[in-house]
$ cat model-v9.txt   # compact mmCIF, C-alpha atoms and all ligand atoms
# COMPACT_ATOMS: atom_id res chain seq x y z
CA MET H 907 40.24 61.11 -55.53
CA PRO H 908 43.06 61.15 -53.02
CA LEU H 909 43.37 57.74 -51.40
CA GLN H 910 42.22 57.83 -47.83
CA TYR H 911 44.62 55.81 -45.74
CA GLY H 912 45.70 56.53 -42.21
CA LEU H 913 49.14 55.06 -42.73
CA HIS H 914 51.38 57.52 -44.51
CA GLU H 915 53.29 54.87 -46.46
CA MET H 916 49.98 53.54 -47.79
CA SER H 917 49.19 56.77 -49.62
CA ILE H 918 52.80 56.93 -50.89
CA ALA H 919 52.50 53.30 -52.08
CA ALA H 920 49.30 54.14 -53.94
CA ALA H 921 51.13 57.03 -55.63
CA VAL H 922 53.96 54.63 -56.59
CA LEU H 923 51.49 52.29 -58.29
CA ASP H 924 49.89 55.23 -60.13
CA ALA H 925 53.37 56.19 -61.34
CA VAL H 926 54.04 52.61 -62.50
CA ARG H 927 50.75 52.55 -64.43
CA ALA H 928 51.46 55.93 -66.04
CA GLU H 929 54.95 54.81 -67.14
CA THR H 930 53.80 51.47 -68.55
CA ARG H 931 51.15 53.34 -70.57
CA LEU H 932 53.92 55.58 -71.94
CA HIS H 933 55.69 52.37 -72.98
CA GLY H 934 52.87 50.97 -75.06
CA GLY H 935 51.14 49.14 -72.23
CA ALA H 936 54.08 46.76 -71.60
CA ARG H 937 53.86 44.69 -68.40
CA ALA H 938 56.16 45.74 -65.57
CA THR H 939 57.75 42.90 -63.61
CA ARG H 940 60.00 44.94 -61.32
CA ALA H 941 60.03 48.56 -60.17
CA GLY H 942 63.09 50.32 -58.76
CA LEU H 943 62.52 52.98 -56.10
CA ARG H 944 64.90 55.51 -54.62
CA ILE H 945 63.94 56.58 -51.10
CA GLY H 946 66.00 59.18 -49.24
CA GLU H 947 66.77 59.06 -45.52
CA LEU H 948 65.08 62.43 -45.13
CA SER H 949 61.99 61.66 -47.20
CA GLY H 950 59.92 60.78 -44.15
CA VAL H 951 59.16 57.38 -45.67
CA GLU H 952 60.18 54.19 -43.92
CA PRO H 953 61.38 51.75 -46.64
CA GLU H 954 60.22 48.55 -44.94
CA SER H 955 56.82 50.00 -44.20
CA LEU H 956 56.57 51.18 -47.81
CA ARG H 957 57.47 47.70 -49.07
CA PHE H 958 54.75 46.17 -46.89
CA CYS H 959 52.17 48.64 -48.22
CA LEU H 960 53.25 48.10 -51.85
CA GLU H 961 52.99 44.34 -51.53
CA SER H 962 49.56 44.59 -49.87
CA LEU H 963 48.24 46.85 -52.62
CA VAL H 964 49.66 44.75 -55.46
CA ALA H 965 48.24 41.46 -54.14
CA GLY H 966 45.16 40.68 -56.23
CA ASP H 967 45.66 43.80 -58.37
CA ASP H 968 46.10 43.75 -62.17
CA LEU H 969 49.75 44.78 -61.62
CA GLU H 970 50.50 41.47 -59.89
CA PRO H 971 53.13 39.99 -60.07
CA LEU H 972 55.28 43.08 -59.59
CA ALA H 973 58.43 43.07 -57.46
CA PHE H 974 60.03 46.09 -55.82
CA ASP H 975 63.64 47.03 -55.45
CA ILE H 976 64.01 49.81 -52.87
CA GLU H 977 67.31 51.67 -52.76
CA THR H 978 67.85 53.89 -49.72
CA ARG H 979 69.65 57.15 -50.48
CA PRO H 980 71.83 58.86 -47.86
CA TRP H 981 71.45 62.33 -46.42
CA THR H 982 74.10 64.45 -48.14
CA ARG H 983 75.25 68.07 -48.13
CA ARG H 984 77.52 70.04 -50.44
CA CYS H 985 80.46 72.11 -49.25
CA LEU H 986 80.35 75.72 -50.44
CA ASP H 987 84.11 76.09 -49.93
CA CYS H 988 85.63 72.96 -51.49
CA GLY H 989 82.64 71.74 -53.54
CA ALA H 990 82.67 68.21 -52.09
CA GLU H 991 79.41 66.39 -51.61
CA PHE H 992 79.49 64.37 -48.41
CA ARG H 993 77.30 62.13 -46.34
CA VAL H 994 75.96 63.53 -43.06
CA VAL H 995 76.86 61.11 -40.27
CA GLU H 996 75.64 61.60 -36.69
CA TYR H 997 73.98 64.89 -37.69
CA ASN H 998 77.37 66.40 -38.44
CA THR H 999 76.67 68.91 -41.20
CA ALA H 1000 80.26 70.23 -41.45
CA CYS H 1001 82.23 69.22 -44.56
CA SER H 1002 83.91 65.85 -44.10
CA GLY H 1003 86.68 66.93 -46.50
CA CYS H 1004 87.82 70.39 -45.40
CA GLY H 1005 85.86 70.83 -42.17
CA SER H 1006 84.03 73.96 -43.36
CA ALA H 1007 80.67 74.70 -41.71
CA HIS H 1008 79.62 76.52 -44.87
CA THR H 1009 77.49 73.76 -46.48
CA GLU H 1010 74.10 73.43 -48.16
CA ALA H 1011 71.48 70.68 -48.50
CA ALA H 1012 72.17 68.24 -51.34
CA GLY H 1013 70.44 64.83 -51.23
CA GLY H 1014 68.35 62.61 -49.03
CA ASP H 1015 64.77 63.60 -49.78
CA GLU H 1016 64.41 61.44 -52.91
CA MET H 1017 61.16 59.61 -53.48
CA GLU H 1018 61.49 58.42 -57.06
CA LEU H 1019 60.68 55.64 -59.43
CA SER H 1020 64.18 54.92 -60.75
CA TYR H 1021 63.52 52.14 -63.26
CA LEU H 1022 60.99 49.65 -64.55
CA GLU H 1023 61.77 46.16 -65.74
CA LEU H 1024 59.38 45.62 -68.67
CA GLU H 1025 58.50 42.32 -70.29
CA GLU H 1026 60.12 41.84 -73.70
CA PRO H 1027 57.71 42.55 -76.54
CA GLY H 1028 56.22 39.46 -78.27
CA CYS H 1029 57.79 37.51 -81.21
CA ALA H 1030 55.93 39.57 -83.80
CA SER H 1031 57.77 42.79 -83.05
CA ARG H 1032 61.04 40.98 -82.52
CA SER H 1033 61.05 39.41 -85.99
CA ASN H 1034 61.83 42.84 -87.55
CA GLU H 1035 65.21 42.93 -85.86
CA LYS H 1036 66.33 39.59 -87.35
CA SER H 1037 69.38 39.72 -89.54
CA MET Z 1166 64.14 45.21 -70.71
CA ARG Z 1167 65.13 47.78 -68.07
CA VAL Z 1168 63.89 51.33 -68.61
CA PRO Z 1169 65.71 53.89 -66.44
CA LEU Z 1170 63.42 56.61 -65.07
CA GLU Z 1171 63.59 59.63 -62.84
CA ARG Z 1172 59.97 60.01 -62.02
CA LYS Z 1173 59.07 61.63 -58.71
CA VAL Z 1174 56.52 59.47 -56.92
CA LEU Z 1175 54.49 62.54 -55.97
CA ASN Z 1176 54.90 64.29 -59.32
CA GLU Z 1177 51.16 64.87 -59.66
CA ASN Z 1178 51.05 66.58 -56.25
CA ASP Z 1179 54.21 68.53 -57.13
CA ARG Z 1180 52.68 69.70 -60.41
CA ILE Z 1181 49.58 71.08 -58.67
CA ALA Z 1182 51.73 72.62 -55.93
CA ALA Z 1183 53.88 74.36 -58.56
CA GLY Z 1184 50.70 75.87 -60.06
CA LEU Z 1185 49.59 77.11 -56.65
CA ARG Z 1186 53.03 78.56 -55.91
CA GLU Z 1187 52.98 80.46 -59.18
CA ARG Z 1188 49.54 81.89 -58.33
CA PHE Z 1189 50.73 82.95 -54.88
CA GLN Z 1190 53.86 84.54 -56.27
CA ARG Z 1191 51.99 86.40 -58.96
CA GLY Z 1192 49.60 87.83 -56.38
CA GLY Z 1193 52.32 88.54 -53.81
CA VAL Z 1194 50.64 86.20 -51.33
CA PHE Z 1195 52.79 84.85 -48.49
CA CYS Z 1196 51.64 81.26 -47.98
CA LEU Z 1197 52.75 79.50 -44.79
CA ASN Z 1198 52.34 75.76 -44.14
CA LEU Z 1199 52.07 75.02 -40.38
CA ILE Z 1200 53.00 71.50 -39.30
CA SER Z 1201 53.07 69.90 -35.84
CA SER Z 1202 51.92 66.97 -33.73
CA PRO Z 1203 48.27 67.05 -32.66
CA GLY Z 1204 47.80 69.68 -29.98
CA SER Z 1205 51.08 71.62 -30.21
CA GLY Z 1206 49.07 74.79 -30.70
CA LYS Z 1207 48.69 75.48 -34.44
CA THR Z 1208 45.13 76.73 -34.07
CA ALA Z 1209 45.99 78.61 -30.86
CA LEU Z 1210 48.83 80.40 -32.68
CA LEU Z 1211 46.51 81.31 -35.55
CA GLU Z 1212 43.87 82.57 -33.10
CA ARG Z 1213 46.41 84.88 -31.46
CA THR Z 1214 47.68 85.96 -34.88
CA LEU Z 1215 44.29 86.80 -36.40
CA GLU Z 1216 43.21 88.49 -33.17
CA GLY Z 1217 46.16 90.87 -33.46
CA PHE Z 1218 45.50 91.90 -37.06
CA ASP Z 1219 43.38 94.88 -38.01
CA ALA Z 1220 40.17 93.87 -39.84
CA SER Z 1221 41.39 95.70 -42.96
CA ARG Z 1222 44.24 93.21 -43.39
CA ARG Z 1223 43.77 90.50 -46.05
CA MET Z 1224 44.39 87.20 -44.27
CA ALA Z 1225 42.84 83.79 -44.82
CA VAL Z 1226 43.19 80.32 -43.34
CA LEU Z 1227 42.67 76.79 -44.60
CA THR Z 1228 42.70 74.34 -41.75
CA GLY Z 1229 42.98 70.58 -42.19
CA ASP Z 1230 41.70 67.89 -39.85
CA ILE Z 1231 40.75 64.27 -40.27
CA GLN Z 1232 37.33 64.99 -38.78
CA THR Z 1233 35.29 67.95 -37.40
CA ASP Z 1234 35.24 71.62 -38.29
CA ASN Z 1235 36.16 72.70 -34.75
CA ASP Z 1236 39.30 74.53 -35.82
CA ALA Z 1237 37.53 76.48 -38.56
CA ARG Z 1238 34.87 77.51 -36.06
CA ARG Z 1239 37.51 78.65 -33.58
CA LEU Z 1240 39.22 80.71 -36.28
CA ALA Z 1241 36.14 82.16 -37.99
CA ARG Z 1242 35.42 84.36 -34.93
CA PHE Z 1243 38.00 86.90 -36.06
CA GLY Z 1244 36.18 87.86 -39.25
CA PHE Z 1245 38.79 86.65 -41.76
CA PRO Z 1246 37.90 84.02 -44.39
CA VAL Z 1247 38.45 80.50 -43.03
CA ARG Z 1248 37.72 77.14 -44.58
CA GLN Z 1249 37.94 73.70 -43.06
CA ILE Z 1250 39.40 70.85 -45.10
CA THR Z 1251 38.17 67.56 -43.68
CA THR Z 1252 40.42 64.85 -45.07
CA GLY Z 1253 38.19 61.97 -43.96
CA GLY Z 1254 41.12 59.77 -42.97
CA ALA Z 1255 44.15 61.13 -44.79
CA CYS Z 1256 46.90 62.09 -42.36
CA HIS Z 1257 48.06 65.15 -44.31
CA LEU Z 1258 46.91 67.88 -46.68
CA ASP Z 1259 47.88 67.53 -50.33
CA ALA Z 1260 48.06 70.16 -53.04
CA ARG Z 1261 44.83 69.04 -54.67
CA MET Z 1262 42.87 69.50 -51.44
CA VAL Z 1263 44.29 73.02 -51.12
CA GLU Z 1264 43.49 73.84 -54.74
CA ARG Z 1265 39.90 72.68 -54.29
CA ALA Z 1266 39.43 74.50 -51.01
CA LEU Z 1267 40.57 77.77 -52.61
CA GLU Z 1268 37.86 77.64 -55.29
CA GLY Z 1269 35.79 80.81 -55.30
CA TRP Z 1270 38.35 82.82 -53.32
CA ARG Z 1271 40.27 85.69 -54.86
CA VAL Z 1272 43.51 84.31 -53.57
CA GLU Z 1273 45.66 86.81 -55.46
CA GLU Z 1274 44.30 89.62 -53.27
CA LEU Z 1275 45.50 88.08 -50.01
CA GLU Z 1276 48.53 89.18 -48.03
CA ILE Z 1277 48.90 85.93 -46.11
CA LEU Z 1278 47.36 82.50 -46.58
CA PHE Z 1279 47.87 80.22 -43.59
CA LEU Z 1280 47.62 76.47 -44.16
CA GLU Z 1281 47.12 74.61 -40.88
CA ASN Z 1282 48.09 71.03 -41.71
CA VAL Z 1283 46.60 67.92 -40.13
CA GLY Z 1284 48.15 67.32 -36.69
CA ASN Z 1285 50.91 64.86 -37.54
CA LEU Z 1286 54.68 65.22 -37.41
CA VAL Z 1287 55.44 62.73 -40.21
CA CYS Z 1288 53.01 62.59 -43.09
CA PRO Z 1289 52.59 66.24 -44.09
CA THR Z 1290 56.34 66.48 -44.74
CA SER Z 1291 56.26 64.82 -48.15
CA TYR Z 1292 53.48 66.96 -49.59
CA ASP Z 1293 54.36 70.29 -51.14
CA LEU Z 1294 51.33 72.59 -50.90
CA GLY Z 1295 52.82 75.43 -52.94
CA GLU Z 1296 53.77 77.28 -49.76
CA GLU Z 1297 56.53 79.88 -49.64
CA ALA Z 1298 57.61 78.84 -46.15
CA ARG Z 1299 57.09 75.98 -43.79
CA ALA Z 1300 56.88 76.30 -40.02
CA VAL Z 1301 57.01 73.43 -37.58
CA LEU Z 1302 55.59 73.92 -34.09
CA LEU Z 1303 57.05 72.07 -31.15
CA SER Z 1304 55.57 72.48 -27.69
CA VAL Z 1305 57.59 72.09 -24.52
CA THR Z 1306 55.61 69.09 -23.33
CA GLU Z 1307 56.76 66.98 -26.30
CA GLY Z 1308 60.43 66.47 -25.39
CA GLU Z 1309 63.66 68.00 -26.71
CA ASP Z 1310 64.46 65.01 -28.90
CA LYS Z 1311 61.63 65.45 -31.42
CA PRO Z 1312 63.80 67.09 -34.10
CA LEU Z 1313 66.08 64.03 -34.00
CA LYS Z 1314 63.18 61.57 -34.03
CA TYR Z 1315 61.41 63.31 -36.92
CA PRO Z 1316 64.39 64.69 -38.86
CA ALA Z 1317 62.57 64.88 -42.21
CA THR Z 1318 59.97 67.27 -40.83
CA PHE Z 1319 62.47 69.60 -39.18
CA HIS Z 1320 64.87 69.36 -42.12
CA HIS Z 1321 62.22 70.76 -44.46
CA ALA Z 1322 61.14 73.59 -42.16
CA ASP Z 1323 62.22 77.22 -42.46
CA LEU Z 1324 61.03 78.11 -38.98
CA MET Z 1325 60.54 76.28 -35.69
CA VAL Z 1326 58.07 77.83 -33.28
CA LEU Z 1327 58.70 76.55 -29.78
CA ASN Z 1328 55.29 76.94 -28.14
CA LYS Z 1329 53.89 76.74 -24.59
CA ILE Z 1330 56.96 78.27 -22.98
CA ASP Z 1331 54.62 79.40 -20.16
CA LEU Z 1332 54.82 75.74 -19.05
CA LEU Z 1333 58.63 75.66 -18.77
CA PRO Z 1334 58.59 75.99 -14.95
CA TYR Z 1335 56.48 72.83 -14.72
CA VAL Z 1336 58.10 70.45 -17.19
CA PRO Z 1337 61.68 69.17 -17.41
CA PHE Z 1338 62.34 70.58 -20.88
CA GLN Z 1339 65.60 72.21 -21.91
CA ALA Z 1340 64.71 74.75 -24.58
CA ALA Z 1341 68.37 75.24 -25.54
CA LEU Z 1342 68.76 71.51 -26.22
CA ALA Z 1343 65.60 71.40 -28.36
CA CYS Z 1344 66.95 74.31 -30.43
CA GLU Z 1345 70.35 72.65 -30.75
CA ASN Z 1346 68.68 69.45 -31.97
CA ALA Z 1347 66.63 71.38 -34.54
CA ARG Z 1348 69.82 73.04 -35.83
CA ARG Z 1349 71.54 69.68 -36.12
CA VAL Z 1350 68.99 68.51 -38.68
CA GLN Z 1351 68.48 71.94 -40.29
CA PRO Z 1352 71.39 74.34 -39.71
CA GLU Z 1353 69.50 77.21 -41.42
CA ILE Z 1354 66.32 76.91 -39.34
CA GLU Z 1355 65.00 80.06 -37.66
CA ILE Z 1356 63.60 79.64 -34.15
CA LEU Z 1357 61.01 81.62 -32.20
CA GLU Z 1358 59.92 80.88 -28.64
CA VAL Z 1359 56.33 81.78 -27.83
CA SER Z 1360 53.41 81.17 -25.53
CA CYS Z 1361 49.97 81.44 -27.04
CA THR Z 1362 48.55 81.54 -23.51
CA SER Z 1363 50.62 84.33 -21.95
CA GLY Z 1364 51.39 86.08 -25.24
CA GLN Z 1365 55.13 85.98 -24.57
CA GLY Z 1366 57.16 86.05 -27.79
CA LEU Z 1367 54.19 86.76 -30.03
CA ASP Z 1368 55.60 90.17 -31.03
CA GLY Z 1369 58.58 88.35 -32.48
CA TRP Z 1370 56.29 86.01 -34.39
CA ARG Z 1371 54.28 88.93 -35.82
CA ALA Z 1372 57.48 90.69 -36.79
CA TRP Z 1373 58.65 87.49 -38.54
CA LEU Z 1374 55.42 87.42 -40.54
CA GLU Z 1375 55.47 91.12 -41.43
CA ALA Z 1376 59.07 90.82 -42.63
CA ARG Z 1377 57.86 88.30 -45.24
CA LEU Z 1378 55.22 90.57 -46.80
N1 LIG N 1401 49.75 76.28 -21.64
C1 LIG N 1401 49.61 76.48 -22.95
N2 LIG N 1401 48.65 75.82 -23.61
C2 LIG N 1401 48.55 76.04 -24.93
C3 LIG N 1401 49.38 76.94 -25.62
N3 LIG N 1401 49.05 76.92 -26.94
C4 LIG N 1401 48.03 76.06 -27.06
N4 LIG N 1401 47.71 75.52 -25.85
C5 LIG N 1401 46.68 74.54 -25.57
O1 LIG N 1401 47.00 73.31 -26.22
C6 LIG N 1401 45.81 72.66 -26.66
C7 LIG N 1401 45.89 72.32 -28.14
O2 LIG N 1401 45.98 73.51 -28.89
P1 LIG N 1401 45.47 73.61 -30.39
O3 LIG N 1401 45.67 75.02 -30.83
O4 LIG N 1401 44.11 73.05 -30.52
O5 LIG N 1401 46.51 72.65 -31.09
P2 LIG N 1401 46.58 72.21 -32.65
O6 LIG N 1401 48.04 72.07 -32.97
O7 LIG N 1401 45.80 73.15 -33.49
O8 LIG N 1401 45.89 70.79 -32.59
P3 LIG N 1401 45.32 69.91 -33.85
O9 LIG N 1401 44.72 70.84 -34.84
O10 LIG N 1401 44.32 69.01 -33.23
O11 LIG N 1401 46.51 69.16 -34.38
C8 LIG N 1401 44.66 73.60 -26.33
O12 LIG N 1401 44.07 73.16 -25.14
C9 LIG N 1401 45.34 74.93 -26.16
O13 LIG N 1401 44.64 75.79 -25.29
C10 LIG N 1401 50.38 77.64 -24.87
O14 LIG N 1401 51.17 78.44 -25.37
N5 LIG N 1401 50.44 77.36 -23.55
MG MG N 1402 44.26 72.76 -34.85
ZN ZN N 1403 84.71 71.31 -47.85
$ encode --input "model-v9.txt" --output "structure tokens"
Amino acid sequence: MPLQYGLHEMSIAAAVLDAVRAETRLHGGARATRAGLRIGELSGVEPESLRFCLESLVAGDDLEPLAFDIETRPWTRRCLDCGAEFRVVEYNTACSGCGSAHTEAAGGDEMELSYLELEEPGCASRSNEKS
Amino acid sequence: MRVPLERKVLNENDRIAAGLRERFQRGGVFCLNLISSPGSGKTALLERTLEGFDASRRMAVLTGDIQTDNDARRLARFGFPVRQITTGGACHLDARMVERALEGWRVEELEILFLENVGNLVCPTSYDLGEEARAVLLSVTEGEDKPLKYPATFHHADLMVLNKIDLLPYVPFQAALACENARRVQPEIEILEVSCTSGQGLDGWRAWLEARL
């Protein structure tokens, strides 16, 4: 079932938590304590609004306590003449290196789970590594 | 222990969208995702489009709204298959809703599948629906600055349709400035100026569509 929320960031936040659950399952059901997110300037997602929605959804959920680390990624383009990747400032899409107008979209629409901080496994599994 | 990942938040939506895109490509179906604020004229544009097509053409529409099937009823009059997707609160269509709504249709036989998204200039942007092209409608009563206020939406569009140009004599709207703003966020964007009321510019829109088939 798609989650039915009016606020856009709420449905994105629900998708983030689904992604966290799927990844922790892939890691043997380890508990996640912190999730890193990469949100691009052009993703259409407002980071502070997303944080608010994530914290509201996590409160009282089995994922609690889970902290979020949201990294904002800049809008970038790549120059087709000199190859440089540059940040678009003030909507200026010309290459900041050589001035060429011949550029293509590069980054800025990221919406990714970039890392999970997982709790260390218990003593039992750690004893194998002892010297 | 920190585990580095590169997992797209909407990877489930993207997976379904990729499946849809492959189906459309295999069948040679041109799928167009129409996005705009509420009331910019998505349904009006589709009405004028379907009205102009011969009944032998293979066109279909999925139209998304939070509530009501008004748009589907407006569009069904032209004899082409139309289905309403009522999202019941969600502010956008997602790939799963499209996949479900297509059940029972022989999609591969279509020439064009139009997806009218929920009226909203923000939320639909993040959701790939498997479309081949994305069009954003902007009407002249909304202000020239909308591409700069909603850069993500315009950045991801292939085409901007500037609608309601019949109203230009009555509103202080500089079409050239709106186009310039759209090009600032998306230098490759194509732009068409139309009026669904007077019909001005609709030949150009039809030609744009036919060129994609
Ligand atoms: N003057 C003028 N009015 C228009 C034009 N196109 C649409 N309208 C009017 O604008 C209003 C909204 O049009 P719709 O086609 O319902 O807009 P929509 O984008 O489908 O709206 P939602 O589906 O609710 O988001 C209607 O009253 C239309 O008659 C146009 O070119 N000129
Ligand atoms: Mg409509
Ligand atoms: Zn350069």
$ residues_near_ligand --input "model-v9.txt" --ligand "ligand ZN 1403 (chain N)" --cutoff "6 Å" --atoms "all atoms listed in the file" --output "PDB file with C-alpha atoms, in the coordinates of the input"
ATOM      1  CA  CYS H 985      80.460  72.110 -49.250  1.00  0.00           C
ATOM      2  CA  ASP H 987      84.110  76.090 -49.930  1.00  0.00           C
ATOM      3  CA  CYS H 988      85.630  72.960 -51.490  1.00  0.00           C
ATOM      4  CA  ALA H 990      82.670  68.210 -52.090  1.00  0.00           C
ATOM      5  CA  CYS H1001      82.230  69.220 -44.560  1.00  0.00           C
ATOM      6  CA  GLY H1003      86.680  66.930 -46.500  1.00  0.00           C
ATOM      7  CA  CYS H1004      87.820  70.390 -45.400  1.00  0.00           C
ATOM      8  CA  GLY H1005      85.860  70.830 -42.170  1.00  0.00           C
ATOM      9  CA  SER H1006      84.030  73.960 -43.360  1.00  0.00           C
TER      10      SER H1006
END
$ interface_residues --input "model-v9.txt" --of "chain Z" --to "chain H" --cutoff "7 Å" --atoms "all atoms listed in the file" --output "ChimeraX atom specification"
/Z:1166-1175,1253-1256,1287-1288,1290-1291,1316-1317,1349-1350
$ closest_residue --input "model-v9.txt" --among "Z:Glu1345, Z:Glu1276, Z:Asp1234, Z:Glu1264" --to "ligand MG 1402 (chain N)" --atoms "all atoms listed in the file"
Z:Asp1234
$ residues_near_ligand --input "model-v9.txt" --ligand "ligand LIG 1401 (chain N)" --cutoff "7 Å" --atoms "only C-alpha atoms and all ligand atoms" --output "list of chain:residue names"
Z:Ser1201, Z:Ser1202, Z:Pro1203, Z:Gly1204, Z:Ser1205, Z:Gly1206, Z:Lys1207, Z:Thr1208, Z:Ala1209, Z:Leu1210, Z:Asp1230, Z:Asp1236, Z:Val1283, Z:Gly1284, Z:Asn1285, Z:Asn1328, Z:Lys1329, Z:Ile1330, Z:Asp1331, Z:Leu1332, Z:Val1359, Z:Ser1360, Z:Cys1361, Z:Thr1362, Z:Ser1363
$ closest_residue --input "model-v9.txt" --among "Z:His1257, Z:Lys1314, Z:Arg1271, Z:Arg1222" --to "Ala1347 of chain Z" --atoms "all atoms listed in the file"
Z:Lys1314
$ atom_distance --input "model-v9.txt" --atom1 "atom CA of Leu1267 of chain Z" --atom2 "atom CA of Gln1249 of chain Z"
10.7 Å
$ atom_distance --input "model-v9.txt" --atom1 "atom CA of Asp1219 of chain Z" --atom2 "atom CA of Gln1190 of chain Z"
23.5 Å
$ closest_residue --input "model-v9.txt" --among "Z:Asp1259, Z:Glu1353, Z:Asp1293, Z:Glu1212" --to "ligand MG 1402 (chain N)" --atoms "only C-alpha atoms and all ligand atoms"
Z:Glu1212
$ residues_around --input "model-v9.txt" --residues "Phe1243 of chain Z" --least-positions-apart "4" --cutoff "10 Å" --atoms "all atoms listed in the file" --output "PyMOL selection string"
chain Z and resi 1212-1220+1238-1239+1247
$ atom_distance --input "model-v9.txt" --atom1 "atom CA of Cys1196 of chain Z" --atom2 "atom CA of Ile1277 of chain Z"
5.7 Å
$ build_atoms --input "model-v9.txt" --residues "segment 953-972 of chain H" --atoms "N, CA and C atoms" --output "PDB file, keeping the file's coordinate frame"
ATOM      1  N   PRO H 953      61.354  52.698 -45.519  1.00  0.00           N
ATOM      2  CA  PRO H 953      61.380  51.750 -46.640  1.00  0.00           C
ATOM      3  C   PRO H 953      60.662  50.417 -46.373  1.00  0.00           C
ATOM      4  N   GLU H 954      60.845  49.850 -45.192  1.00  0.00           N
ATOM      5  CA  GLU H 954      60.220  48.550 -44.940  1.00  0.00           C
ATOM      6  C   GLU H 954      58.702  48.661 -44.865  1.00  0.00           C
ATOM      7  N   SER H 955      58.245  49.758 -44.277  1.00  0.00           N
ATOM      8  CA  SER H 955      56.820  50.000 -44.200  1.00  0.00           C
ATOM      9  C   SER H 955      56.241  50.230 -45.602  1.00  0.00           C
ATOM     10  N   LEU H 956      57.008  50.933 -46.432  1.00  0.00           N
ATOM     11  CA  LEU H 956      56.570  51.180 -47.810  1.00  0.00           C
ATOM     12  C   LEU H 956      56.475  49.854 -48.575  1.00  0.00           C
ATOM     13  N   ARG H 957      57.484  48.983 -48.380  1.00  0.00           N
ATOM     14  CA  ARG H 957      57.470  47.700 -49.070  1.00  0.00           C
ATOM     15  C   ARG H 957      56.222  46.895 -48.676  1.00  0.00           C
ATOM     16  N   PHE H 958      55.930  46.881 -47.381  1.00  0.00           N
ATOM     17  CA  PHE H 958      54.750  46.170 -46.890  1.00  0.00           C
ATOM     18  C   PHE H 958      53.480  46.705 -47.565  1.00  0.00           C
ATOM     19  N   CYS H 959      53.362  48.022 -47.630  1.00  0.00           N
ATOM     20  CA  CYS H 959      52.170  48.640 -48.220  1.00  0.00           C
ATOM     21  C   CYS H 959      52.087  48.333 -49.723  1.00  0.00           C
ATOM     22  N   LEU H 960      53.238  48.392 -50.410  1.00  0.00           N
ATOM     23  CA  LEU H 960      53.250  48.100 -51.850  1.00  0.00           C
ATOM     24  C   LEU H 960      52.792  46.670 -52.102  1.00  0.00           C
ATOM     25  N   GLU H 961      53.348  45.747 -51.316  1.00  0.00           N
ATOM     26  CA  GLU H 961      52.990  44.340 -51.530  1.00  0.00           C
ATOM     27  C   GLU H 961      51.514  44.091 -51.214  1.00  0.00           C
ATOM     28  N   SER H 962      50.987  44.757 -50.193  1.00  0.00           N
ATOM     29  CA  SER H 962      49.560  44.590 -49.870  1.00  0.00           C
ATOM     30  C   SER H 962      48.681  45.114 -50.999  1.00  0.00           C
ATOM     31  N   LEU H 963      49.077  46.256 -51.568  1.00  0.00           N
ATOM     32  CA  LEU H 963      48.240  46.850 -52.620  1.00  0.00           C
ATOM     33  C   LEU H 963      48.317  46.054 -53.923  1.00  0.00           C
ATOM     34  N   VAL H 964      49.481  45.469 -54.198  1.00  0.00           N
ATOM     35  CA  VAL H 964      49.660  44.750 -55.460  1.00  0.00           C
ATOM     36  C   VAL H 964      48.944  43.392 -55.444  1.00  0.00           C
ATOM     37  N   ALA H 965      48.878  42.777 -54.243  1.00  0.00           N
ATOM     38  CA  ALA H 965      48.240  41.460 -54.140  1.00  0.00           C
ATOM     39  C   ALA H 965      46.798  41.524 -54.659  1.00  0.00           C
ATOM     40  N   GLY H 966      46.506  40.724 -55.676  1.00  0.00           N
ATOM     41  CA  GLY H 966      45.160  40.680 -56.230  1.00  0.00           C
ATOM     42  C   GLY H 966      44.869  41.796 -57.229  1.00  0.00           C
ATOM     43  N   ASP H 967      45.841  42.683 -57.440  1.00  0.00           N
ATOM     44  CA  ASP H 967      45.660  43.800 -58.370  1.00  0.00           C
ATOM     45  C   ASP H 967      46.111  43.367 -59.777  1.00  0.00           C
ATOM     46  N   ASP H 968      45.689  44.107 -60.799  1.00  0.00           N
ATOM     47  CA  ASP H 968      46.100  43.750 -62.170  1.00  0.00           C
ATOM     48  C   ASP H 968      47.601  43.930 -62.391  1.00  0.00           C
ATOM     49  N   LEU H 969      48.288  44.622 -61.478  1.00  0.00           N
ATOM     50  CA  LEU H 969      49.750  44.780 -61.620  1.00  0.00           C
ATOM     51  C   LEU H 969      50.515  43.543 -61.152  1.00  0.00           C
ATOM     52  N   GLU H 970      49.852  42.669 -60.412  1.00  0.00           N
ATOM     53  CA  GLU H 970      50.500  41.470 -59.890  1.00  0.00           C
ATOM     54  C   GLU H 970      50.881  40.536 -61.055  1.00  0.00           C
ATOM     55  N   PRO H 971      52.053  39.879 -61.061  1.00  0.00           N
ATOM     56  CA  PRO H 971      53.130  39.990 -60.070  1.00  0.00           C
ATOM     57  C   PRO H 971      54.081  41.142 -60.408  1.00  0.00           C
ATOM     58  N   LEU H 972      54.357  41.958 -59.416  1.00  0.00           N
ATOM     59  CA  LEU H 972      55.280  43.080 -59.590  1.00  0.00           C
ATOM     60  C   LEU H 972      56.171  43.122 -58.356  1.00  0.00           C
TER      61      LEU H 972
END
